[in-house]
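Chemist: Quick one, protein.tsv (TSV, C-alpha atoms and all ligand atoms):
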```
chain	number	residue	atom	x	y	z
A	1	MET	CA	20.05	-27.65	4.47
A	2	ALA	CA	19.94	-26.08	1.02
A	3	ARG	CA	17.17	-23.63	0.39
A	4	ARG	CA	14.83	-24.79	-2.37
A	5	PRO	CA	14.29	-22.11	-5.05
A	6	PHE	CA	10.86	-20.48	-4.92
A	7	ILE	CA	9.48	-18.62	-7.94
A	8	ALA	CA	6.17	-16.81	-7.51
A	9	GLY	CA	4.03	-14.85	-9.94
A	10	ASN	CA	1.98	-11.96	-8.60
A	11	TRP	CA	-0.72	-11.39	-11.19
A	12	LYS	CA	-1.93	-8.24	-9.37
A	13	MET	CA	-5.28	-6.92	-10.71
A	14	ASN	CA	-4.87	-8.62	-14.08
A	15	LEU	CA	-6.63	-11.64	-15.62
A	16	GLY	CA	-10.22	-12.40	-14.70
A	17	PRO	CA	-11.36	-15.97	-14.01
A	18	ALA	CA	-11.38	-17.05	-17.67
A	19	ALA	CA	-7.99	-15.59	-18.63
A	20	ALA	CA	-6.42	-16.69	-15.34
A	21	GLY	CA	-7.70	-20.22	-15.88
A	22	GLU	CA	-6.22	-20.25	-19.37
A	23	LEU	CA	-2.81	-19.10	-18.15
A	24	ALA	CA	-2.93	-21.66	-15.36
A	25	SER	CA	-3.67	-24.44	-17.88
A	26	SER	CA	-0.72	-23.40	-20.02
A	27	LEU	CA	1.56	-23.22	-16.98
A	28	LYS	CA	0.40	-26.67	-15.93
A	29	SER	CA	1.42	-28.18	-19.28
A	30	ALA	CA	4.76	-26.37	-19.29
A	31	LEU	CA	5.78	-26.75	-15.67
A	32	MET	CA	4.19	-29.93	-14.32
A	33	ASP	CA	7.45	-31.85	-14.44
A	34	GLU	CA	9.55	-29.07	-12.94
A	35	THR	CA	10.53	-30.68	-9.68
A	36	GLY	CA	13.55	-28.67	-8.56
A	37	VAL	CA	11.72	-25.49	-7.65
A	38	ASP	CA	8.62	-24.37	-5.77
A	39	ILE	CA	6.25	-22.50	-8.09
A	40	LEU	CA	3.33	-20.34	-7.03
A	41	VAL	CA	0.87	-18.04	-8.76
A	42	ALA	CA	-1.19	-15.40	-7.00
A	43	PRO	CA	-4.26	-14.51	-9.08
A	44	THR	CA	-6.82	-11.89	-8.18
A	45	ALA	CA	-9.15	-13.28	-5.48
A	46	LEU	CA	-12.03	-13.81	-7.89
A	47	ALA	CA	-9.91	-16.01	-10.15
A	48	ILE	CA	-8.53	-18.24	-7.40
A	49	PRO	CA	-11.16	-21.01	-7.70
A	50	SER	CA	-10.64	-21.32	-11.44
A	51	VAL	CA	-6.84	-21.41	-11.07
A	52	VAL	CA	-6.98	-23.91	-8.18
A	53	ASP	CA	-9.21	-26.09	-10.32
A	54	LYS	CA	-6.77	-26.03	-13.25
A	55	LEU	CA	-3.71	-26.71	-11.07
A	56	ARG	CA	-5.21	-29.56	-9.04
A	57	HIS	CA	-2.90	-32.58	-8.79
A	58	THR	CA	0.13	-30.62	-9.95
A	59	GLY	CA	2.86	-29.33	-7.67
A	60	LEU	CA	2.01	-25.75	-8.64
A	61	LEU	CA	0.82	-23.69	-5.69
A	62	VAL	CA	-1.77	-20.93	-5.52
A	63	GLY	CA	-1.53	-17.89	-3.27
A	64	ALA	CA	-3.63	-14.88	-2.39
A	65	GLN	CA	-2.39	-11.31	-2.83
A	66	ASP	CA	-3.60	-10.04	0.54
A	67	LEU	CA	-5.96	-11.03	3.35
A	68	HIS	CA	-7.99	-9.30	6.03
A	69	PRO	CA	-6.67	-9.99	9.54
A	70	ALA	CA	-10.09	-11.04	10.88
A	71	ASN	CA	-11.63	-14.43	10.09
A	72	ASN	CA	-15.02	-12.96	9.18
A	73	GLY	CA	-17.32	-10.10	10.05
A	74	ALA	CA	-18.57	-6.74	8.83
A	75	TYR	CA	-15.65	-5.84	6.55
A	76	THR	CA	-17.30	-5.11	3.24
A	77	SER	CA	-15.22	-6.17	0.22
A	78	GLN	CA	-12.60	-8.09	2.21
A	79	VAL	CA	-11.53	-11.75	2.07
A	80	SER	CA	-10.14	-13.64	5.06
A	81	GLY	CA	-7.36	-16.19	5.48
A	82	PRO	CA	-9.70	-19.12	6.23
A	83	MET	CA	-11.64	-18.30	3.03
A	84	PHE	CA	-8.47	-18.36	0.93
A	85	ARG	CA	-7.40	-21.57	2.66
A	86	GLU	CA	-10.76	-23.18	1.93
A	87	ALA	CA	-10.43	-22.08	-1.71
A	88	GLY	CA	-7.14	-23.97	-2.00
A	89	CYS	CA	-4.47	-21.35	-1.36
A	90	THR	CA	-1.28	-22.30	0.46
A	91	HIS	CA	0.38	-18.87	0.68
A	92	VAL	CA	-0.52	-15.21	0.89
A	93	LEU	CA	1.40	-12.05	0.03
A	94	VAL	CA	1.53	-9.63	2.92
A	95	GLY	CA	2.76	-6.04	2.90
A	96	HIS	CA	3.25	-5.69	-0.85
A	97	SER	CA	4.41	-2.15	-1.55
A	98	GLU	CA	1.20	-1.45	-3.46
A	99	ARG	CA	-0.76	-2.41	-0.33
A	100	ARG	CA	1.50	-0.22	1.78
A	101	SER	CA	1.46	2.84	-0.50
A	102	LEU	CA	-2.03	2.72	-2.05
A	103	PHE	CA	-4.09	1.12	0.71
A	104	GLY	CA	-2.36	2.29	3.86
A	105	ASP	CA	-1.12	-1.04	5.18
A	106	ASP	CA	1.32	0.07	7.88
A	107	ASP	CA	3.75	-2.16	9.75
A	108	GLU	CA	1.20	-2.87	12.48
A	109	VAL	CA	-1.42	-4.07	10.01
A	110	VAL	CA	1.21	-6.04	8.13
A	111	ASN	CA	2.11	-7.87	11.35
A	112	GLU	CA	-1.57	-8.57	12.07
A	113	LYS	CA	-1.87	-10.04	8.59
A	114	VAL	CA	1.26	-12.17	9.02
A	115	GLN	CA	-0.18	-13.54	12.28
A	116	ALA	CA	-3.56	-14.09	10.61
A	117	SER	CA	-1.87	-16.04	7.80
A	118	PHE	CA	-0.45	-18.54	10.26
A	119	SER	CA	-3.64	-18.86	12.24
A	120	SER	CA	-5.55	-19.66	9.07
A	121	GLY	CA	-3.03	-22.20	7.80
A	122	LEU	CA	-1.46	-20.02	5.10
A	123	LEU	CA	2.24	-19.28	4.78
A	124	PRO	CA	3.03	-15.57	4.41
A	125	ILE	CA	5.28	-14.03	1.80
A	126	LEU	CA	6.30	-10.86	3.61
A	127	CYS	CA	7.22	-8.08	1.20
A	128	VAL	CA	9.72	-5.42	2.24
A	129	GLY	CA	11.58	-2.74	0.33
A	130	GLU	CA	12.66	0.86	0.30
A	131	THR	CA	11.57	3.71	-1.96
A	132	LEU	CA	14.00	5.55	-4.23
A	133	SER	CA	14.15	8.58	-1.94
A	134	GLN	CA	14.87	6.34	1.06
A	135	ARG	CA	17.68	4.64	-0.87
A	136	GLU	CA	19.11	7.98	-1.97
A	137	ALA	CA	19.01	9.19	1.63
A	138	GLY	CA	21.06	6.16	2.69
A	139	GLN	CA	18.13	4.67	4.60
A	140	ALA	CA	17.53	1.49	2.57
A	141	GLU	CA	18.86	-0.89	5.22
A	142	SER	CA	17.22	0.81	8.17
A	143	VAL	CA	13.85	0.90	6.38
A	144	VAL	CA	14.06	-2.78	5.45
A	145	ALA	CA	15.23	-3.78	8.93
A	146	ALA	CA	12.32	-1.92	10.51
A	147	GLN	CA	9.82	-3.56	8.13
A	148	LEU	CA	11.30	-6.96	8.94
A	149	HIS	CA	11.26	-6.53	12.71
A	150	ALA	CA	7.72	-5.17	12.67
A	151	GLY	CA	6.37	-7.69	10.16
A	152	LEU	CA	7.82	-10.70	11.97
A	153	ALA	CA	7.08	-9.49	15.51
A	154	GLY	CA	5.67	-12.17	17.77
A	155	LEU	CA	6.49	-15.11	15.49
A	156	ALA	CA	8.24	-18.22	16.79
A	157	PRO	CA	11.50	-19.11	15.01
A	158	ASP	CA	9.89	-22.01	13.15
A	159	GLN	CA	7.22	-19.64	11.86
A	160	VAL	CA	9.88	-17.23	10.61
A	161	VAL	CA	11.50	-20.10	8.71
A	162	SER	CA	8.12	-20.87	7.11
A	163	THR	CA	7.77	-17.24	6.07
A	164	THR	CA	9.22	-16.21	2.73
A	165	ILE	CA	10.72	-12.74	2.67
A	166	ALA	CA	10.34	-10.89	-0.63
A	167	TYR	CA	12.74	-7.99	-1.07
A	168	GLU	CA	11.08	-5.67	-3.56
A	169	PRO	CA	12.74	-2.27	-3.88
A	170	VAL	CA	9.84	0.05	-4.68
A	171	TRP	CA	11.88	1.85	-7.35
A	172	ALA	CA	12.24	-1.42	-9.29
A	173	ILE	CA	8.58	-2.47	-9.31
A	174	GLY	CA	6.91	-2.11	-12.69
A	175	THR	CA	9.55	0.40	-13.79
A	176	GLY	CA	11.75	-1.82	-15.93
A	177	VAL	CA	14.62	-0.81	-13.65
A	178	THR	CA	15.97	-3.89	-11.89
A	179	ALA	CA	18.27	-3.82	-8.90
A	180	SER	CA	21.65	-5.00	-10.15
A	181	PRO	CA	22.57	-8.50	-8.99
A	182	ASP	CA	25.14	-6.88	-6.65
A	183	GLN	CA	22.62	-4.42	-5.21
A	184	ALA	CA	20.08	-7.17	-4.68
A	185	GLN	CA	22.62	-9.58	-3.19
A	186	GLU	CA	23.83	-6.88	-0.81
A	187	MET	CA	20.34	-6.31	0.56
A	188	HIS	CA	19.54	-10.02	0.71
A	189	ALA	CA	22.71	-10.61	2.72
A	190	PHE	CA	21.70	-7.75	4.99
A	191	ILE	CA	18.23	-9.28	5.48
A	192	ARG	CA	19.85	-12.59	6.36
A	193	SER	CA	22.12	-10.81	8.85
A	194	VAL	CA	19.06	-9.22	10.49
A	195	LEU	CA	17.52	-12.70	10.83
A	196	ALA	CA	20.83	-14.04	12.20
A	197	SER	CA	21.03	-11.37	14.86
A	198	THR	CA	17.40	-11.83	15.92
A	199	TYR	CA	16.76	-15.59	15.86
A	200	PRO	CA	18.57	-18.90	16.40
A	201	SER	CA	21.04	-19.58	13.59
A	202	PHE	CA	18.89	-22.11	11.68
A	203	VAL	CA	16.44	-19.31	10.89
A	204	ALA	CA	18.88	-17.22	8.81
A	205	ALA	CA	20.24	-20.39	7.19
A	206	GLN	CA	16.85	-21.73	6.11
A	207	THR	CA	14.56	-18.75	5.46
A	208	ARG	CA	14.01	-18.09	1.78
A	209	ILE	CA	14.40	-14.57	0.44
A	210	GLN	CA	12.92	-13.75	-2.96
A	211	TYR	CA	13.86	-10.76	-5.08
A	212	GLY	CA	11.10	-8.82	-6.85
A	213	GLY	CA	11.12	-5.81	-9.15
A	214	SER	CA	11.28	-6.02	-12.95
A	215	VAL	CA	12.46	-9.63	-12.97
A	216	LYS	CA	12.43	-10.88	-16.57
A	217	PRO	CA	13.89	-13.80	-18.52
A	218	SER	CA	16.91	-11.68	-19.45
A	219	ASN	CA	17.99	-10.91	-15.88
A	220	ALA	CA	16.57	-13.82	-13.87
A	221	ALA	CA	19.51	-16.20	-14.11
A	222	GLU	CA	22.03	-13.63	-12.92
A	223	LEU	CA	19.85	-12.55	-10.01
A	224	LEU	CA	19.05	-16.11	-8.99
A	225	ALA	CA	22.72	-17.07	-9.10
A	226	GLN	CA	23.44	-14.78	-6.14
A	227	PRO	CA	24.10	-16.75	-2.96
A	228	ASP	CA	21.37	-15.10	-0.86
A	229	ILE	CA	18.69	-14.83	-3.57
A	230	ASP	CA	16.47	-17.89	-3.22
A	231	GLY	CA	13.77	-17.06	-5.72
A	232	ALA	CA	11.78	-14.34	-7.39
A	233	LEU	CA	8.46	-12.58	-6.98
A	234	VAL	CA	7.51	-11.68	-10.52
A	235	GLY	CA	4.89	-9.15	-11.61
A	236	GLY	CA	4.55	-8.22	-15.28
A	237	ALA	CA	6.65	-11.09	-16.61
A	238	ALA	CA	4.42	-13.59	-14.78
A	239	LEU	CA	1.48	-12.73	-17.05
A	240	THR	CA	2.68	-14.64	-20.09
A	241	VAL	CA	3.53	-18.30	-20.14
A	242	GLU	CA	6.77	-17.92	-22.10
A	243	SER	CA	8.37	-15.37	-19.81
A	244	PHE	CA	7.24	-16.96	-16.54
A	245	VAL	CA	8.38	-20.40	-17.65
A	246	ALA	CA	11.75	-18.97	-18.69
A	247	ILE	CA	12.16	-17.40	-15.24
A	248	VAL	CA	11.19	-20.65	-13.50
A	249	ARG	CA	13.73	-22.54	-15.59
A	250	ALA	CA	16.39	-19.96	-14.67
A	251	GLY	CA	15.69	-20.80	-11.05
A	252	SER	CA	15.63	-24.58	-11.28
B	1	LIG	P1	7.19	-6.24	-11.70
B	1	LIG	O1	7.86	-7.58	-11.91
B	1	LIG	O2	6.12	-5.95	-12.69
B	1	LIG	O3	8.20	-5.14	-11.55
B	1	LIG	O4	6.43	-6.35	-10.29
B	1	LIG	C1	7.09	-6.80	-9.18
B	1	LIG	C2	6.13	-7.03	-8.08
B	1	LIG	O5	5.59	-6.11	-7.52
B	1	LIG	C3	5.82	-8.42	-7.71
B	1	LIG	O6	5.10	-8.47	-6.52
```
Can the structure in the file be given as structure tokens, please?

Modeler:
Amino acid sequence: MARRPFIAGNWKMNLGPAAAGELASSLKSALMDETGVDILVAPTALAIPSVVDKLRHTGLLVGAQDLHPANNGAYTSQVSGPMFREAGCTHVLVGHSERRSLFGDDDEVVNEKVQASFSSGLLPILCVGETLSQREAGQAESVVAAQLHAGLAGLAPDQVVSTTIAYEPVWAIGTGVTASPDQAQEMHAFIRSVLASTYPSFVAAQTRIQYGGSVKPSNAAELLAQPDIDGALVGGAALTVESFVAIVRAGS
């Protein structure tokens, strides 16, 4: 079964409810008839209701950028999976490198969050990726394999298939430096080989793997043409309608 392309925009801590709603309206007009690709935007939590409202009755999906592993309780400032689900989200990013490096999300917490996504009816987008020093030390594959094994621990094969893996080399995020199509393809093929050696064969064949890190209209088509790159997780270029639409079209 062919893997359907999946293009996601991570708006990070940009665009409040008004600006996010405006971008969502523009994306709706531009992308409503785009049927060959799954499209998702992940606004800041506060802007989710306004974006869900604008994208109602379109195929465009809304995701959260993180979740707390518990359903509710005394966790000041946090938002849980069931709350995002109730607000209209279908997906949630888990283990983004900014969560790992700035907020201390380790592999154990990342796995708790992946499990919490499924138990609240959200599909996780599990982000993995090595730092520049890890790559230079020849550890890129071992780091990514460890993040994968830990992040997916305890999941049934059909849950792994429903998980999207986002390979985001930390050195390519927000830096303007993109992994070359060959570098990205090489790691995506490695990720698929890790899935193949861990799960029944349909899992590696069907699980979607997005590339993230300075994806822009000028490099999207070449990245997305690689056989193991099934989509993109876009940061900066997801914040304007022209560039995000161009990336979506490159993937469709
Ligand atoms: P940039 O596209 O801005 O490099 O960000 C990538 C990213 O972190 C998406 O989650």

Chemist: Per residue of chain A within 9 Å of ligand LIG 1 (chain B), what are the shortest atom pair and its distance in Å to one decimal, counting only C-alpha atoms and all ligand atoms, with rows by chain and residue number, as a tab-separated table?

Modeler:
```
residue	atom	partner	partner_atom	distance
A:Ala8	CA	B:LIG1	C3	8.4
A:Gly9	CA	B:LIG1	C3	7.0
A:Asn10	CA	B:LIG1	O6	5.1
A:Trp11	CA	B:LIG1	C3	8.0
A:Lys12	CA	B:LIG1	O6	7.6
A:Gln65	CA	B:LIG1	O6	8.8
A:Leu93	CA	B:LIG1	O6	8.3
A:His96	CA	B:LIG1	O6	6.6
A:Ser97	CA	B:LIG1	O5	7.3
A:Glu98	CA	B:LIG1	O5	7.6
A:Cys127	CA	B:LIG1	O6	8.0
A:Ala166	CA	B:LIG1	O6	8.2
A:Glu168	CA	B:LIG1	O5	6.8
A:Pro169	CA	B:LIG1	O5	8.9
A:Val170	CA	B:LIG1	O5	8.0
A:Trp171	CA	B:LIG1	O3	8.9
A:Ala172	CA	B:LIG1	O3	5.9
A:Ile173	CA	B:LIG1	O3	3.5
A:Gly174	CA	B:LIG1	O3	3.5
A:Thr175	CA	B:LIG1	O3	6.1
A:Gly176	CA	B:LIG1	O3	6.5
A:Val177	CA	B:LIG1	O3	8.0
A:Thr178	CA	B:LIG1	O3	7.9
A:Tyr211	CA	B:LIG1	C3	8.8
A:Gly212	CA	B:LIG1	C1	5.1
A:Gly213	CA	B:LIG1	O3	3.8
A:Ser214	CA	B:LIG1	O3	3.5
A:Val215	CA	B:LIG1	O1	5.1
A:Lys216	CA	B:LIG1	O1	7.3
A:Ala232	CA	B:LIG1	C3	8.4
A:Leu233	CA	B:LIG1	C3	5.0
A:Val234	CA	B:LIG1	O1	4.3
A:Gly235	CA	B:LIG1	O1	3.4
A:Gly236	CA	B:LIG1	O2	3.8
A:Ala237	CA	B:LIG1	O1	6.0
A:Ala238	CA	B:LIG1	O1	7.5
```

Chemist: Which residues are near Met187 (chain A)? Cut-off 9 Å, all atoms listed in the file, ignore same chain within fewer than 3 positions. Put them as a list in words.

Modeler: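 In the requested format, the answer is Ala140, Glu141, Val144, Tyr167, Asp182, Gln183, Ala184, Phe190, Ile191, Arg192 and Asp228 of chain A.
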
Chemist: Just to confirm, what's the straight-line distance from CA of Ser243 (chain A) to CA of Leu23 (chain A) in Å (one decimal)?

Modeler: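 Pair CA of Ser243 (chain A) / CA of Leu23 (chain A) returns 11.9 Å.
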
Chemist: In Å, with one decimal, what is the gap from CA of Gly21 (chain A) to CA of Gly121 (chain A)?

Modeler: 24.2 Å

Chemist: Go through A:Pro227, A:Pro181, A:Pro157, A:Gly104 and flag the residue nearest Pro200 (chain A), using all atoms listed in the file for the distances.

Modeler: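 Of all the options, A:Pro157 lies closest to Pro200 (chain A).
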
Chemist: Quick one: pull the distance between CA of Gly151 (chain A) and CA of Val110 (chain A), Å, one decimal.

Modeler: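 Computing the Euclidean distance for CA of Gly151 (chain A) and CA of Val110 (chain A) yields 5.8 Å.
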
Chemist: If we count only C-alpha atoms, what is near region 25-28 of chain A at a cut-off of 8 Å, once residues fewer than 6 positions away on the same chain are taken out, given as a PyMOL selection string?

Modeler: chain A and resi 54-55+58+60+241+245

Chemist: Rank nothing, just name the residue among A:Leu239, A:Ala137, A:Val194, A:Asp158 nearest to Gln206 (chain A), using only C-alpha atoms.

Modeler: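 Among A:Leu239, A:Ala137, A:Val194, A:Asp158, it is A:Asp158 that comes nearest to Gln206 (chain A).
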
Chemist: Can you tell me, as a PyMOL selection string, what residues are no more than 7 Å from Arg208 (chain A) when counting all atoms listed in the file, ignoring any on the same chain fewer than 2 positions away?

Modeler: chain A and resi 3+164-165+206+210+230

Chemist: Using the partial input, fill out region 89-100 of chain A with all heavy atoms; write the result as a CSV table (one decimal), keeping the file's coordinate frame.

Modeler:
```csv
chain,number,residue,atom,x,y,z
A,89,CYS,N,-5.8,-22.1,-1.4
A,89,CYS,CA,-4.5,-21.4,-1.4
A,89,CYS,C,-3.6,-22.0,-0.3
A,89,CYS,O,-4.1,-22.4,0.7
A,89,CYS,CB,-4.7,-19.9,-1.0
A,89,CYS,SG,-5.5,-19.0,-2.3
A,90,THR,N,-2.3,-21.9,-0.5
A,90,THR,CA,-1.3,-22.3,0.5
A,90,THR,C,-0.5,-21.1,1.0
A,90,THR,O,0.0,-21.2,2.1
A,90,THR,CB,-0.2,-23.2,-0.2
A,90,THR,OG1,0.3,-22.6,-1.3
A,90,THR,CG2,-0.9,-24.6,-0.6
A,91,HIS,N,-0.4,-20.0,0.3
A,91,HIS,CA,0.4,-18.9,0.7
A,91,HIS,C,-0.4,-17.6,0.5
A,91,HIS,O,-1.5,-17.6,-0.2
A,91,HIS,CB,1.6,-18.7,-0.2
A,91,HIS,CG,2.6,-19.8,0.0
A,91,HIS,ND1,2.4,-21.1,-0.4
A,91,HIS,CD2,3.9,-19.8,0.5
A,91,HIS,CE1,3.5,-21.9,-0.1
A,91,HIS,NE2,4.4,-21.1,0.4
A,92,VAL,N,0.1,-16.5,1.1
A,92,VAL,CA,-0.5,-15.2,0.9
A,92,VAL,C,0.6,-14.1,0.9
A,92,VAL,O,1.5,-14.2,1.8
A,92,VAL,CB,-1.6,-14.9,1.9
A,92,VAL,CG1,-1.1,-15.0,3.4
A,92,VAL,CG2,-2.3,-13.6,1.7
A,93,LEU,N,0.5,-13.2,0.0
A,93,LEU,CA,1.4,-12.0,0.0
A,93,LEU,C,0.9,-11.1,1.1
A,93,LEU,O,-0.3,-10.9,1.3
A,93,LEU,CB,1.4,-11.3,-1.3
A,93,LEU,CG,1.7,-12.0,-2.6
A,93,LEU,CD1,1.6,-11.0,-3.8
A,93,LEU,CD2,3.0,-12.7,-2.5
A,94,VAL,N,1.9,-10.6,1.9
A,94,VAL,CA,1.5,-9.6,2.9
A,94,VAL,C,2.5,-8.4,2.8
A,94,VAL,O,3.7,-8.6,2.6
A,94,VAL,CB,1.6,-10.3,4.3
A,94,VAL,CG1,1.3,-9.2,5.4
A,94,VAL,CG2,0.7,-11.5,4.5
A,95,GLY,N,1.9,-7.2,2.9
A,95,GLY,CA,2.8,-6.0,2.9
A,95,GLY,C,3.4,-5.7,1.6
A,95,GLY,O,4.4,-5.0,1.5
A,96,HIS,N,2.7,-6.1,0.5
A,96,HIS,CA,3.2,-5.7,-0.8
A,96,HIS,C,3.3,-4.2,-0.9
A,96,HIS,O,2.4,-3.5,-0.3
A,96,HIS,CB,2.4,-6.2,-2.0
A,96,HIS,CG,2.9,-6.0,-3.3
A,96,HIS,ND1,2.9,-4.8,-4.0
A,96,HIS,CD2,3.7,-6.8,-4.1
A,96,HIS,CE1,3.5,-4.9,-5.1
A,96,HIS,NE2,4.0,-6.1,-5.2
A,97,SER,N,4.3,-3.6,-1.6
A,97,SER,CA,4.4,-2.2,-1.6
A,97,SER,C,3.2,-1.4,-2.1
A,97,SER,O,2.9,-0.3,-1.7
A,97,SER,CB,5.6,-1.7,-2.3
A,97,SER,OG,5.4,-1.9,-3.7
A,98,GLU,N,2.4,-2.1,-3.0
A,98,GLU,CA,1.2,-1.4,-3.5
A,98,GLU,C,0.2,-1.4,-2.4
A,98,GLU,O,-0.6,-0.5,-2.3
A,98,GLU,CB,0.7,-2.2,-4.7
A,98,GLU,CG,1.6,-1.8,-5.9
A,98,GLU,CD,1.7,-3.0,-6.9
A,98,GLU,OE1,0.9,-3.9,-7.0
A,98,GLU,OE2,2.7,-2.9,-7.7
A,99,ARG,N,0.1,-2.4,-1.5
A,99,ARG,CA,-0.8,-2.4,-0.3
A,99,ARG,C,-0.3,-1.3,0.6
A,99,ARG,O,-1.1,-0.6,1.2
A,99,ARG,CB,-0.7,-3.8,0.4
A,99,ARG,CG,-1.4,-4.9,-0.3
A,99,ARG,CD,-2.9,-4.8,-0.5
A,99,ARG,NE,-3.5,-4.2,0.7
A,99,ARG,CZ,-4.8,-3.8,0.7
A,99,ARG,NH1,-5.6,-3.9,-0.4
A,99,ARG,NH2,-5.3,-3.3,1.8
A,100,ARG,N,1.0,-1.2,0.8
A,100,ARG,CA,1.5,-0.2,1.8
A,100,ARG,C,1.2,1.2,1.3
A,100,ARG,O,0.8,2.1,2.0
A,100,ARG,CB,3.0,-0.4,2.0
A,100,ARG,CG,3.4,-1.7,2.7
A,100,ARG,CD,4.9,-1.8,2.9
A,100,ARG,NE,5.4,-3.1,3.3
A,100,ARG,CZ,5.7,-3.4,4.6
A,100,ARG,NH1,5.6,-2.5,5.6
A,100,ARG,NH2,6.2,-4.6,4.9
```
